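**Q** My questions all concern the structure below.
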Amino acid sequence: MPLNMLLPRLGGALRARVHPAAVSRGLPPMTRASTPLAAALLNARWSSTDAHAADIERLGNLRNIGISAHIDSGKTTVTERILYYTGRIKDIHEVRGKDNVGATMDWMELEREKGITIQSAATYAQWGDTNLNIIDTPGHVDFTIEVERALRVLDGAVLVLCSVGGVQSQTITVDRQMRRYNVPRISFINKMDRAGANPKRIIDQIRNKLKIPAAALQVPIGTEDAFEGVVDILANRAIYNRGARGEDIVYGEVPEHLVESVSAAREELVTILAEVDDEIAELFIEDKVPTVDQLHAAVRRATIARKFSPVLMGSAIKDKGIQSLLNAVIRYLPTPTEVKNTMLDINNNEAELTVVPHSDQPFVGLAFKLEEGKYGQLTYIRVYQGRLEKGQYAHHVKSGKKVKISRLVRMHSNSMEDVESVGAGEICALFGIDCASGDTFTDGSKYSMSTMFVPDPVISLSLTPKDKNAANFSKALNRFQKEDPTFRVHLDPESKQTIISGMGELHLDIYVERMRREYNVDCVTGKPQVAFRETITRKSEFAYTHRKQTGGAGQFARVVGHIEPIDTAEAPHSFANEVVSGSIPPQYILACNKGFIDGLKEGPMIGHPVVGVGLVLTDGQAHSVDSSELAFRTATFFAFREAFKGSKPRILEPVMSVDVSVPTEFQGNVLASINKRKGLIIDTETQEDYCTISAEVPLNNMFGYSTELRSCTQGKGEFSMEYKRHAPVTADVQEELIKEHQKKLAEKK
């Protein structure tokens, strides 16, 4: 007998029967466990059977999803429609709407002015019986940390693609982030009403550029201005959105001119599923036609296993296709019980444990985002295990402190709703908790969740407040650093200037503007500084003796070995101790390593960090009285400096992957501008009357490019760039950089 027939009627969001709305929308009731983990949870012994059964149903009716894409693909517009159709908001407002209200999820004044998402925003909604926790993320590469931490705590995602632009640079970045955190995805081809819309080409790009099998579950009824709706190829029926805002779903027969296309699309779907799902493969080999239920089940299995991405299509701005997307989210994306999450047992040598996503387990939660609000620090938490209740105490694993949960809220963009408790699998926010992004909270158990990947900054600016006594200057910088791990601040010891570092010009411009608006601190910024690196290209020996006699006990240390180039993909540097004779006492080896690291911090050529170097210590000499940790640390530092000169050193600069989209008549102008900036053209792709140019350009040559692009394309061109790698500069540039550095040093003397 199905579980939902055994449950007592609980009221509210928990229902003992299948909700009629779910049936009318064609959604499957969650009546049994669909993964081994869920099955194990169902069969486990619990102190309260009824409470556990209610928790199973709650988890079955829960989805944690993110909306991610390249900039200007329509993520926020899609989210706005989702909130409207789920009844979360009463009116639809556009990102750049004429009413000057702005989309619900773009609540910051800067976001509404610029028409871009800067911070990820969380909300929750209900579709039928299913509760949705939704995070809308930025599409600009400068704010990639917002996507990173959102995907860290989500169970599934919707990857939005433009029907014309398709897979672009940030789409590839988001795909990489989804793979890093094992997040299944549904692909949604948006802007089907746009001139040049071509869903077949976009599906091919998903397969070829993102390297994931994908197939359409829908066929469009018309494209561009003639886009009317879609045909569901599984149910074999047409779906139209009617009403003032597309709220009325009308089903109809498949248009005659599309019958063959729908049949071909279904065959393609079955063929691709047969490659990724064993059940469909068996039917395919036996030449049997799978049923609709078998296809739905196969799409779900393959999606959750991250072997396949179902593709839907629509136009959010024209209010078409969003309800079908919601149905697909519930039908194909996993519940919290169907995703394997792990934690580390600190007391047991960091042994890996599987998280049991149930409310009656010990509490484990991860703080993934911080915001400074009018009531203090707002901390977003994903509850992975157990229950979090207002008034209870939680254990901050990093500091070992107990903190009281005085206020617990659910977020809806920048507004909030107080709640008494949240169960496993939920996303909520707390007030008054002092912690950092990526910290773990428990009920006292020594467990820790793995944190998120934080990329290194690629650009720096000097920052000086106009008013030297601006009290809010350091306060603003401290807050921004705490909120955003990719925003770094340090004081240049030589110039005594405050240096801010980030992911791009826009990233730093936004923070400078926020300081002016939120803290009334006007700042002057210096010339952008590129994050150069220094490295070596060949092996170099060293034998250095450090001797200092000042009366009494002196300093003596001798180190022998070599430095050699290493692959930075493994680690930025390495230290190997190959001293076998005991000529360097073991207690001084760590000091030698520290001296090596000291030398890496500031390279001899231009004062930038050194990477790609391995130091091998082979021999040395110590004195029974004069040797010390300081002596060996100093000796290794100068030995590294000496060997560095003979290793044929090179300066590395950040190279950016640049995508430029322009009308075809300006293609020549853009190619010339990229060549002028010493860029390497990787690919050009022409789509109707637009072309996309992919290139690799040194970041140092990209400053001011947005202005140049606007002028040479009459304002019609747009570009995005993302850090690709560090690569050696040309010999003339290296010589120029060294001269500039020496000139600065001479001026300071």
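Ordering of the structure tokens sets the chain letters (A, B, ...); residue numbers start at 1 within each chain; ligands are numbered from 1 in the order shown.
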Can you pull out every residue within 10 Å of A:Glu146, counting only C-alpha atoms, but drop anything in the same chain fewer than 3 positions away, and send it as a PDB file with N, CA and C atoms, in the first residue's frame?
**A**
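Result file follows (around-v6.pdb):
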```
ATOM      1  N   ILE A 118      23.875  40.954  -8.964  1.00  0.00           N
ATOM      2  CA  ILE A 118      25.184  41.085  -8.320  1.00  0.00           C
ATOM      3  C   ILE A 118      25.326  40.073  -7.187  1.00  0.00           C
ATOM      4  N   GLN A 119      24.256  39.926  -6.404  1.00  0.00           N
ATOM      5  CA  GLN A 119      24.275  38.963  -5.305  1.00  0.00           C
ATOM      6  C   GLN A 119      23.233  37.888  -5.555  1.00  0.00           C
ATOM      7  N   SER A 120      23.556  36.653  -5.159  1.00  0.00           N
ATOM      8  CA  SER A 120      22.545  35.601  -5.253  1.00  0.00           C
ATOM      9  C   SER A 120      21.451  35.902  -4.233  1.00  0.00           C
ATOM     10  N   ALA A 121      20.215  35.625  -4.604  1.00  0.00           N
ATOM     11  CA  ALA A 121      19.077  35.891  -3.713  1.00  0.00           C
ATOM     12  C   ALA A 121      18.264  34.620  -3.546  1.00  0.00           C
ATOM     13  N   ILE A 135      17.373  29.649  -5.461  1.00  0.00           N
ATOM     14  CA  ILE A 135      18.414  30.681  -5.395  1.00  0.00           C
ATOM     15  C   ILE A 135      18.695  31.161  -6.814  1.00  0.00           C
ATOM     16  N   ASP A 136      18.490  32.469  -7.027  1.00  0.00           N
ATOM     17  CA  ASP A 136      18.794  33.099  -8.319  1.00  0.00           C
ATOM     18  C   ASP A 136      20.221  33.633  -8.246  1.00  0.00           C
ATOM     19  N   THR A 137      21.072  33.216  -9.172  1.00  0.00           N
ATOM     20  CA  THR A 137      22.500  33.554  -9.088  1.00  0.00           C
ATOM     21  C   THR A 137      22.912  34.540 -10.176  1.00  0.00           C
ATOM     22  N   PRO A 138      24.037  35.263  -9.974  1.00  0.00           N
ATOM     23  CA  PRO A 138      24.514  36.181 -11.015  1.00  0.00           C
ATOM     24  C   PRO A 138      25.044  35.418 -12.225  1.00  0.00           C
ATOM     25  N   GLY A 139      25.064  36.097 -13.383  1.00  0.00           N
ATOM     26  CA  GLY A 139      25.591  35.485 -14.593  1.00  0.00           C
ATOM     27  C   GLY A 139      26.945  36.044 -14.981  1.00  0.00           C
ATOM     28  N   HIS A 140      27.348  37.150 -14.326  1.00  0.00           N
ATOM     29  CA  HIS A 140      28.619  37.780 -14.681  1.00  0.00           C
ATOM     30  C   HIS A 140      29.761  37.068 -13.979  1.00  0.00           C
ATOM     31  N   VAL A 141      30.841  36.827 -14.704  1.00  0.00           N
ATOM     32  CA  VAL A 141      31.978  36.070 -14.157  1.00  0.00           C
ATOM     33  C   VAL A 141      32.594  36.761 -12.941  1.00  0.00           C
ATOM     34  N   ASP A 142      32.479  38.072 -12.842  1.00  0.00           N
ATOM     35  CA  ASP A 142      33.056  38.788 -11.702  1.00  0.00           C
ATOM     36  C   ASP A 142      32.410  38.379 -10.379  1.00  0.00           C
ATOM     37  N   PHE A 143      31.195  37.870 -10.438  1.00  0.00           N
ATOM     38  CA  PHE A 143      30.495  37.484  -9.211  1.00  0.00           C
ATOM     39  C   PHE A 143      30.332  35.964  -9.131  1.00  0.00           C
ATOM     40  N   ARG A 149      28.937  29.295  -4.185  1.00  0.00           N
ATOM     41  CA  ARG A 149      28.404  28.907  -2.873  1.00  0.00           C
ATOM     42  C   ARG A 149      26.944  28.493  -2.940  1.00  0.00           C
ATOM     43  N   ALA A 150      26.215  28.983  -3.942  1.00  0.00           N
ATOM     44  CA  ALA A 150      24.832  28.531  -4.096  1.00  0.00           C
ATOM     45  C   ALA A 150      24.800  27.062  -4.522  1.00  0.00           C
ATOM     46  N   LEU A 151      25.615  26.711  -5.528  1.00  0.00           N
ATOM     47  CA  LEU A 151      25.630  25.329  -6.016  1.00  0.00           C
ATOM     48  C   LEU A 151      26.172  24.367  -4.966  1.00  0.00           C
ATOM     49  N   PHE A 368      26.626  29.186   4.275  1.00  0.00           N
ATOM     50  CA  PHE A 368      27.192  29.341   2.934  1.00  0.00           C
ATOM     51  C   PHE A 368      27.200  30.771   2.413  1.00  0.00           C
ATOM     52  N   LYS A 369      26.546  31.697   3.118  1.00  0.00           N
ATOM     53  CA  LYS A 369      26.498  33.082   2.621  1.00  0.00           C
ATOM     54  C   LYS A 369      26.239  34.020   3.789  1.00  0.00           C
ATOM     55  N   ASP A 484      32.298  38.403   0.990  1.00  0.00           N
ATOM     56  CA  ASP A 484      32.767  37.903  -0.309  1.00  0.00           C
ATOM     57  C   ASP A 484      34.206  37.392  -0.197  1.00  0.00           C
ATOM     58  N   PRO A 485      34.408  36.070  -0.207  1.00  0.00           N
ATOM     59  CA  PRO A 485      35.764  35.530  -0.067  1.00  0.00           C
ATOM     60  C   PRO A 485      36.692  35.873  -1.234  1.00  0.00           C
ATOM     61  N   THR A 486      36.147  36.283  -2.397  1.00  0.00           N
ATOM     62  CA  THR A 486      37.014  36.635  -3.530  1.00  0.00           C
ATOM     63  C   THR A 486      37.451  38.098  -3.488  1.00  0.00           C
TER      64      THR A 486
END
```
**Q** Once DSSP has gone over the backbone, tell me which residues of stretch 164-233 of chain A are in strand (DSSP E or B), as number ranges by chain.
**A** A: 166, 185-190, 214-216, 218-221, 229-232
**Q** Tell me which protein, DNA and RNA residues are within 12 Å of A:Ser624, counting only C-alpha atoms, leaving out same-chain ones fewer than 6 positions away, and put them as a PyMOL selection string.
**A** chain A and resi 553-557+583-585
**Q** Kindly export the residues of the current selection with all heavy atoms, as a short mmCIF file (atom, residue, chain, number, x, y, z; two decimals), in the first residue's frame.
**A**
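Everything below was put into result-v6.cif:
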```cif
data_model
loop_
_atom_site.label_atom_id
_atom_site.label_comp_id
_atom_site.auth_asym_id
_atom_site.auth_seq_id
_atom_site.Cartn_x
_atom_site.Cartn_y
_atom_site.Cartn_z
N ALA A 553 76.76 34.22 21.01
CA ALA A 553 76.22 33.23 20.06
C ALA A 553 75.85 33.92 18.75
O ALA A 553 75.14 34.93 18.74
CB ALA A 553 75.00 32.55 20.67
N GLY A 554 76.37 33.40 17.65
CA GLY A 554 76.08 33.98 16.35
C GLY A 554 75.03 33.18 15.60
O GLY A 554 74.20 32.50 16.21
N GLN A 555 75.03 33.30 14.28
CA GLN A 555 74.11 32.54 13.44
C GLN A 555 74.92 31.78 12.39
O GLN A 555 75.77 32.37 11.72
CB GLN A 555 73.11 33.48 12.74
CG GLN A 555 72.12 34.13 13.68
CD GLN A 555 71.12 34.98 12.92
OE1 GLN A 555 70.85 34.74 11.75
NE2 GLN A 555 70.58 35.99 13.58
N PHE A 556 74.64 30.49 12.26
CA PHE A 556 75.31 29.70 11.24
C PHE A 556 74.34 28.66 10.68
O PHE A 556 73.65 27.96 11.44
CB PHE A 556 76.55 28.99 11.80
CG PHE A 556 77.22 28.11 10.77
CD1 PHE A 556 78.13 28.65 9.87
CD2 PHE A 556 76.90 26.76 10.66
CE1 PHE A 556 78.73 27.85 8.89
CE2 PHE A 556 77.49 25.95 9.69
CZ PHE A 556 78.41 26.51 8.80
N ALA A 557 74.29 28.58 9.35
CA ALA A 557 73.50 27.53 8.68
C ALA A 557 73.99 27.40 7.26
O ALA A 557 74.28 28.41 6.59
CB ALA A 557 72.01 27.88 8.70
N SER A 583 72.97 15.78 8.28
CA SER A 583 73.79 16.99 8.35
C SER A 583 72.97 18.22 8.75
O SER A 583 73.52 19.19 9.27
CB SER A 583 74.48 17.23 7.00
OG SER A 583 73.53 17.23 5.95
N ILE A 584 71.67 18.19 8.45
CA ILE A 584 70.76 19.22 8.96
C ILE A 584 69.87 18.54 9.99
O ILE A 584 69.10 17.64 9.65
CB ILE A 584 69.91 19.86 7.85
CG1 ILE A 584 70.79 20.55 6.81
CG2 ILE A 584 68.93 20.87 8.44
CD1 ILE A 584 70.03 21.17 5.66
N PRO A 585 69.94 18.92 11.25
CA PRO A 585 69.10 18.29 12.28
C PRO A 585 67.62 18.39 11.92
O PRO A 585 67.18 19.41 11.37
CB PRO A 585 69.41 19.10 13.55
CG PRO A 585 70.79 19.64 13.30
CD PRO A 585 70.87 19.91 11.83
#
```
**Q** Check stretch 98-330 of chain A with DSSP on the backbone and list each residue it calls helix (DSSP H, G or I), as a ChimeraX atom specification.
**A** /A:109-114,141-153,169-180,199-209,224-226,256-276,278-285,292-304,322-330
**Q** Report the distance between atom CA of A:Ser474 and atom CA of A:Val147 in Å, rounded to one decimal place.
**A**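 Between these atoms lies a distance of 26.8 Å.
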**Q** A:Ile322: which residues within 12 Å, counting only C-alpha atoms, same-chain residues fewer than 5 positions away excluded, as number ranges by chain?
**A** A: 75, 77-86, 127, 158, 160, 188-191, 229-230, 239-241, 245-249, 312-317, 327-329
**Q** Write the selection just made, keeping C-alpha atoms, as a compact mmCIF listing (two decimals), in the first residue's frame?
**A**
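The result, stored in again_10.txt:
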```txt
# COMPACT_ATOMS: atom_id res chain seq x y z
CA LYS A 75 17.69 33.87 -15.25
CA THR A 77 13.14 36.86 -15.58
CA VAL A 78 12.59 33.08 -15.33
CA THR A 79 12.69 33.30 -11.52
CA GLU A 80 10.19 36.19 -11.55
CA ARG A 81 7.70 34.04 -13.54
CA ILE A 82 8.25 31.07 -11.22
CA LEU A 83 7.37 33.27 -8.23
CA TYR A 84 4.30 34.63 -10.02
CA TYR A 85 2.89 31.27 -11.13
CA THR A 86 3.49 29.73 -7.70
CA TRP A 127 4.02 24.28 -6.65
CA VAL A 158 18.14 24.88 -13.98
CA VAL A 160 19.21 28.71 -18.62
CA PHE A 188 15.99 25.51 -20.32
CA ILE A 189 16.36 27.26 -23.69
CA ASN A 190 14.96 30.72 -23.05
CA LYS A 191 14.15 33.63 -25.42
CA GLY A 229 3.98 27.22 -27.41
CA VAL A 230 5.56 23.78 -27.25
CA ILE A 239 0.86 23.15 -24.61
CA TYR A 240 -0.17 26.80 -24.92
CA ASN A 241 -0.08 29.63 -22.39
CA ARG A 245 0.17 36.66 -18.12
CA GLY A 246 0.19 33.10 -19.43
CA GLU A 247 -1.35 31.70 -16.25
CA ASP A 248 -3.89 29.54 -18.09
CA ILE A 249 -2.53 26.29 -19.56
CA LEU A 312 12.90 22.30 -22.24
CA MET A 313 12.18 25.56 -24.00
CA GLY A 314 10.11 28.70 -23.72
CA SER A 315 10.17 32.48 -23.45
CA ALA A 316 10.03 33.88 -19.92
CA ILE A 317 9.50 37.47 -21.11
CA ASN A 327 6.70 20.37 -13.58
CA ALA A 328 10.04 19.11 -14.92
CA VAL A 329 11.89 20.39 -11.83
```
